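This report concerns only the one structure given below.
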Amino acid sequence: MNARFLALELRRAVRNGRYLIFTVVVPSVMFVLFVNLYGGGQGTFPNGLPVTTSLMMNMALFGVMAGPLSIGARIAVERGLGWQKQLRLTPLTGGGYLATKGALGMLVGLPGILLVCVIGAVEGVRMDAMHWVGVLATLWLGAIPFVLLGIVIGLVASPDGMQAITGLASMLFGLLGGIWIPADVAPDWLATLMKALPTFWVKQLTQAPFVSGVDVKQALLVIVLWVAGLSLVAVRRYRAQS
Amino acid sequence: MTETAVRAGAAVALSGVRKRFGEVRAVDGIDLVISPGEVVALLGPNGAGKSTTVDMLLGLSTPDGGAISVFGRSPREAVVAGQISAMLQSGALLDDATVAEAVGLIAALHRRPMPVARALEQAGIADLANRKCTKLSGGQKQRVRFALALVCEPDLLVLDEPTVAMDVETRRAFWQQMRAYTNTGRTVLFATHYLEEAEEYADRVVLMRSGRIVADGSVAQVRAAVSGRTLRAVVPGASDLDLPGVRSVERRGDRITLTCTDSDAAVRALLGRYPNAHDIEITALGLEDAFLALTGEDN
């Protein structure tokens, strides 16, 4: 991968006002709002996790989804503009293009996660250093399926349909993935659907050190299947277009 | 030099190149060799296959048959090496980047780019460096595309309808910059609609029609080839019009129109064969007519 190209792309992505608001600011604002809604986050959820900790993880996960999806949206716009054709007149390969967009998706997800966690610490989330690192790493690596999802949407959607599809995807993966409502209160059929989404399992993994009964194996299996499936679709779709 | 030797040292060598889209033969078997340092105009009406040829030359699409080499390599290899570059007709610019950023992005991908500032200067847009790409006129956008193509310092520059969005003034300025570039010994292939551009800026003109090359030569040669005359006459009962000095024949009933390379020979032979031919009229062809004659469909 070309580091200079990645750096220039990163600057372009980060400068975008919409990116800053939706992927960095909104998750943190929602987090603060929810903490206040739950009475300052003093209590504990039935699974034993403190309310503030749980909300922090959920909102960080929300940020993890939003960043990569916005990068995917850029792919659709670049396709529409014909910029990809211009890129094909350079040494950049198709794989290099997708890898750059992937790395970009990973990088833009990071500030949102960090900000939510910093606010979490201020709001009274306490855990030892190793657990902090574990939670951050899990959240960040948990961005991988969403980075791929963003790329797939970017390769499939038209620039006009982009907004709608991105919105729908974040609804689907966020709401049904258990960011906004816990799977425990959902009816059986819905719970089954929720457990098919990567969001649910990334959330489970972040909670794993703190609550009992998380099926880490199944979590990894579902996430790996999503990653493999989305990678396959992305590569095939890209080849079909070039 | 033998043909093989010419091809080996060629900037571009196409042999028997074909490409079809469904039932349409967009490019129908073309052979073309361009030597380093030549400035070649690719002329032809819409749908002649110019853009398809250019796309294949750049490795953006693959020919169905035939072979293409650019400086002795495959088009893609030449692109990767930065030897060939292009100003695309449809190549758009990023809507959220400045001119300098867009050129910088492309420069970052090339192995040995020139400094971005120099590319902007050579394209005559140094003053637009910090302008957003969305806030440019059509002519300015074309110059940004020119800078994008220049930045890898290509040995062969391909331009697809480069001046299409420009007014006369801008067009002249653009070609001045282009000339400064070609004076450094670079090879240029440009597709165009404008005859005057081909006449004024190209060393050589290649005419395409319906996916084939119908004429290829220096500007002087093509002008000579097309500086024939048209012979019109009414010839009752004409059957055999295979006459000396005639390039093409068109007939509507008894009325015939002959496009001639040697109208004197043609008229002598015609009267010898058909003494009753009358209303004979011989007119000189303009370049425009000749271009139409060469690129128009046969009846």
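Residues are named by chain letter and number: chains run A, B, ... in the order of the structure tokens, numbers start at 1 in each chain, and ligands are numbered from 1 in the order shown.
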- Task: Could you please tell me, as a PyMOL selection string, which residues of chain A have an atom within 12 Å of chain B when using only C-alpha atoms?
- Result: chain A and resi 1-17+74-75+77-93+96-97+100+241-242
Saved selection, atoms kept: N, CA and C atoms, as a CSV table (one decimal), in the first residue's frame:
chain,number,residue,atom,x,y,z
A,1,MET,N,0.8,-1.2,0.0
A,1,MET,CA,0.0,0.0,0.0
A,1,MET,C,0.9,1.3,0.0
A,2,ASN,N,0.3,2.3,-0.6
A,2,ASN,CA,1.1,3.5,-0.8
A,2,ASN,C,0.8,4.5,0.4
A,3,ALA,N,1.8,4.7,1.3
A,3,ALA,CA,1.5,5.5,2.5
A,3,ALA,C,1.2,6.9,2.2
A,4,ARG,N,1.8,7.5,1.2
A,4,ARG,CA,1.6,8.9,0.9
A,4,ARG,C,0.1,9.1,0.4
A,5,PHE,N,-0.3,8.2,-0.5
A,5,PHE,CA,-1.6,8.2,-1.0
A,5,PHE,C,-2.6,8.1,0.1
A,6,LEU,N,-2.4,7.1,1.0
A,6,LEU,CA,-3.2,6.9,2.2
A,6,LEU,C,-3.4,8.2,3.0
A,7,ALA,N,-2.2,8.8,3.3
A,7,ALA,CA,-2.2,10.0,4.1
A,7,ALA,C,-3.0,11.1,3.4
A,8,LEU,N,-2.9,11.3,2.1
A,8,LEU,CA,-3.7,12.3,1.4
A,8,LEU,C,-5.2,12.0,1.5
A,9,GLU,N,-5.5,10.7,1.3
A,9,GLU,CA,-6.9,10.3,1.3
A,9,GLU,C,-7.5,10.5,2.7
A,10,LEU,N,-6.6,10.2,3.7
A,10,LEU,CA,-7.1,10.4,5.1
A,10,LEU,C,-7.4,11.9,5.4
A,11,ARG,N,-6.5,12.7,4.9
A,11,ARG,CA,-6.7,14.2,5.1
A,11,ARG,C,-8.1,14.6,4.5
A,12,ARG,N,-8.3,14.1,3.3
A,12,ARG,CA,-9.5,14.4,2.6
A,12,ARG,C,-10.8,13.9,3.4
A,13,ALA,N,-10.7,12.7,3.9
A,13,ALA,CA,-11.8,12.1,4.6
A,13,ALA,C,-12.1,12.9,5.9
A,14,VAL,N,-11.0,13.2,6.6
A,14,VAL,CA,-11.2,13.8,8.0
A,14,VAL,C,-11.7,15.2,7.9
A,15,ARG,N,-11.3,15.9,6.8
A,15,ARG,CA,-11.7,17.3,6.6
A,15,ARG,C,-13.2,17.4,6.4
A,16,ASN,N,-13.8,16.3,5.9
A,16,ASN,CA,-15.2,16.3,5.6
A,16,ASN,C,-16.1,16.6,6.9
A,17,GLY,N,-16.8,17.7,6.9
A,17,GLY,CA,-17.6,18.0,8.1
A,17,GLY,C,-18.6,17.0,8.5
A,74,ARG,N,-18.0,7.4,-0.1
A,74,ARG,CA,-17.1,8.1,-0.9
A,74,ARG,C,-16.8,7.2,-2.2
A,75,ILE,N,-16.7,5.9,-2.0
A,75,ILE,CA,-16.4,5.1,-3.1
A,75,ILE,C,-17.4,5.2,-4.2
A,77,VAL,N,-19.4,7.7,-4.7
A,77,VAL,CA,-19.3,9.1,-5.4
A,77,VAL,C,-18.1,9.1,-6.4
A,78,GLU,N,-17.0,8.5,-6.0
A,78,GLU,CA,-15.8,8.5,-6.9
A,78,GLU,C,-16.1,7.7,-8.1
A,79,ARG,N,-16.8,6.6,-7.9
A,79,ARG,CA,-17.2,5.8,-9.1
A,79,ARG,C,-18.1,6.6,-10.0
A,80,GLY,N,-19.1,7.3,-9.4
A,80,GLY,CA,-20.0,8.2,-10.2
A,80,GLY,C,-19.2,9.3,-11.0
A,81,LEU,N,-18.2,9.8,-10.4
A,81,LEU,CA,-17.4,10.9,-11.0
A,81,LEU,C,-16.5,10.5,-12.1
A,82,GLY,N,-16.2,9.2,-12.1
A,82,GLY,CA,-15.2,8.7,-13.1
A,82,GLY,C,-13.8,8.8,-12.6
A,83,TRP,N,-13.6,9.1,-11.3
A,83,TRP,CA,-12.3,9.2,-10.7
A,83,TRP,C,-11.6,7.9,-10.7
A,84,GLN,N,-12.3,6.8,-10.5
A,84,GLN,CA,-11.7,5.5,-10.5
A,84,GLN,C,-10.9,5.2,-11.8
A,85,LYS,N,-11.5,5.7,-12.9
A,85,LYS,CA,-10.9,5.6,-14.2
A,85,LYS,C,-9.5,6.3,-14.2
A,86,GLN,N,-9.5,7.5,-13.7
A,86,GLN,CA,-8.3,8.2,-13.6
A,86,GLN,C,-7.2,7.4,-12.8
A,87,LEU,N,-7.7,6.8,-11.7
A,87,LEU,CA,-6.8,6.0,-10.8
A,87,LEU,C,-6.2,4.8,-11.6
A,88,ARG,N,-7.0,4.3,-12.5
A,88,ARG,CA,-6.6,3.1,-13.3
A,88,ARG,C,-5.4,3.5,-14.2
A,89,LEU,N,-5.2,4.8,-14.4
A,89,LEU,CA,-4.1,5.2,-15.3
A,89,LEU,C,-2.8,5.4,-14.4
A,90,THR,N,-2.8,4.9,-13.2
A,90,THR,CA,-1.6,5.0,-12.3
A,90,THR,C,-1.2,3.5,-11.9
A,91,PRO,N,-0.1,3.4,-11.3
A,91,PRO,CA,0.3,2.0,-10.9
A,91,PRO,C,-0.6,1.4,-9.8
A,92,LEU,N,-1.5,2.1,-9.3
A,92,LEU,CA,-2.4,1.6,-8.2
A,92,LEU,C,-3.2,0.4,-8.8
A,93,THR,N,-3.2,-0.7,-8.1
A,93,THR,CA,-4.0,-1.9,-8.5
A,93,THR,C,-5.4,-1.9,-7.9
A,96,GLY,N,-4.9,-2.7,-4.4
A,96,GLY,CA,-4.4,-1.5,-3.7
A,96,GLY,C,-5.4,-0.5,-3.3
A,97,TYR,N,-6.3,-0.3,-4.3
A,97,TYR,CA,-7.4,0.7,-4.1
A,97,TYR,C,-8.3,0.2,-2.9
A,100,THR,N,-6.5,0.4,0.4
A,100,THR,CA,-6.4,1.8,0.9
A,100,THR,C,-7.7,2.3,1.5
A,241,GLN,N,-16.5,-4.6,-12.4
A,241,GLN,CA,-16.6,-3.2,-12.8
A,241,GLN,C,-15.3,-2.8,-13.6
A,242,SER,N,-14.3,-3.6,-13.5
A,242,SER,CA,-13.1,-3.1,-14.2
A,242,SER,C,-12.7,-4.0,-15.4
Backbone-only DSSP, helix (DSSP H, G or I) members of stretch 40-90 of chain A, as an mmCIF file with C-alpha atoms, in the first residue's frame:
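Result saved to part06.cif:
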data_model
loop_
_atom_site.group_PDB
_atom_site.id
_atom_site.type_symbol
_atom_site.label_atom_id
_atom_site.label_comp_id
_atom_site.auth_asym_id
_atom_site.auth_seq_id
_atom_site.Cartn_x
_atom_site.Cartn_y
_atom_site.Cartn_z
ATOM 1 C CA GLY A 40 -26.211 9.399 35.808
ATOM 2 C CA GLY A 41 -25.362 5.748 35.157
ATOM 3 C CA VAL A 51 -24.790 1.015 33.077
ATOM 4 C CA THR A 52 -22.114 3.547 32.100
ATOM 5 C CA THR A 53 -19.686 0.859 30.949
ATOM 6 C CA SER A 54 -22.345 -0.837 28.877
ATOM 7 C CA LEU A 55 -23.501 2.411 27.276
ATOM 8 C CA MET A 56 -19.924 3.396 26.551
ATOM 9 C CA MET A 57 -19.319 0.159 24.669
ATOM 10 C CA ASN A 58 -22.560 0.475 22.724
ATOM 11 C CA MET A 59 -21.955 4.042 21.639
ATOM 12 C CA ALA A 60 -18.338 3.333 20.716
ATOM 13 C CA LEU A 61 -19.656 0.484 18.581
ATOM 14 C CA PHE A 62 -22.073 2.917 16.967
ATOM 15 C CA GLY A 63 -19.085 5.114 16.066
ATOM 16 C CA VAL A 64 -17.209 2.061 14.777
ATOM 17 C CA MET A 65 -20.022 1.497 12.277
ATOM 18 C CA ALA A 66 -20.540 5.077 11.132
ATOM 19 C CA GLY A 67 -16.942 5.907 10.085
ATOM 20 C CA PRO A 68 -16.355 3.030 7.713
ATOM 21 C CA LEU A 69 -19.801 3.438 6.162
ATOM 22 C CA SER A 70 -18.967 7.049 5.305
ATOM 23 C CA ILE A 71 -15.788 5.883 3.549
ATOM 24 C CA GLY A 72 -17.861 3.436 1.548
ATOM 25 C CA ALA A 73 -20.120 6.277 0.514
ATOM 26 C CA ARG A 74 -17.094 8.072 -0.939
ATOM 27 C CA ILE A 75 -16.357 5.065 -3.127
ATOM 28 C CA ALA A 76 -19.803 5.353 -4.705
ATOM 29 C CA VAL A 77 -19.262 9.053 -5.365
ATOM 30 C CA GLU A 78 -15.798 8.461 -6.855
ATOM 31 C CA ARG A 79 -17.236 5.793 -9.110
ATOM 32 C CA GLY A 80 -19.964 8.178 -10.229
ATOM 33 C CA LEU A 81 -17.438 10.927 -10.989
ATOM 34 C CA TRP A 83 -12.288 9.233 -10.677
ATOM 35 C CA GLN A 84 -11.668 5.492 -10.528
ATOM 36 C CA LYS A 85 -10.890 5.558 -14.234
ATOM 37 C CA GLN A 86 -8.267 8.213 -13.560
ATOM 38 C CA LEU A 87 -6.780 6.013 -10.832
#
- Task: Name all residues at most 7 Å from stretch 203-219 of chain A (count only C-alpha atoms; drop same-chain ones fewer than 6 positions away) and give them as a PyMOL selection string.
- Result: chain A and resi 47-49+135+138-139
- Message: List the spatial neighbours of A:Leu115 as an MDAnalysis selection string - criterion: any atom at most 10 Å away, only C-alpha atoms, same-chain residues fewer than 5 positions off excluded.
- Response: chainID A and resid 24:25 27:28 60 63 110 120:121
- Got a sec: who's within 7 Å of B:Leu207, counting only C-alpha atoms, leaving out chain neighbours fewer than 4 positions off, as an MDAnalysis selection string? chainID B and resid 42:44 213:216
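For the set B:Val70, B:Leu156, B:Gly211, B:Leu150, the residue with the smallest atom-to-atom gap to B:Val17 is B:Gly211, counting only C-alpha atoms.
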- Task: Quote the spacing between atom CA of A:Leu197 and atom CA of A:Phe146 in Å to one decimal place.
- Result: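 These atoms are spaced 10.9 Å apart.
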- Which one of A:Ala196, A:Met127, A:Ile21, A:Ala99 sits closest to A:Leu221 if you count only C-alpha atoms?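 Between A:Ala196, A:Met127, A:Ile21, A:Ala99, the residue approaching A:Leu221 most closely is A:Ala196.
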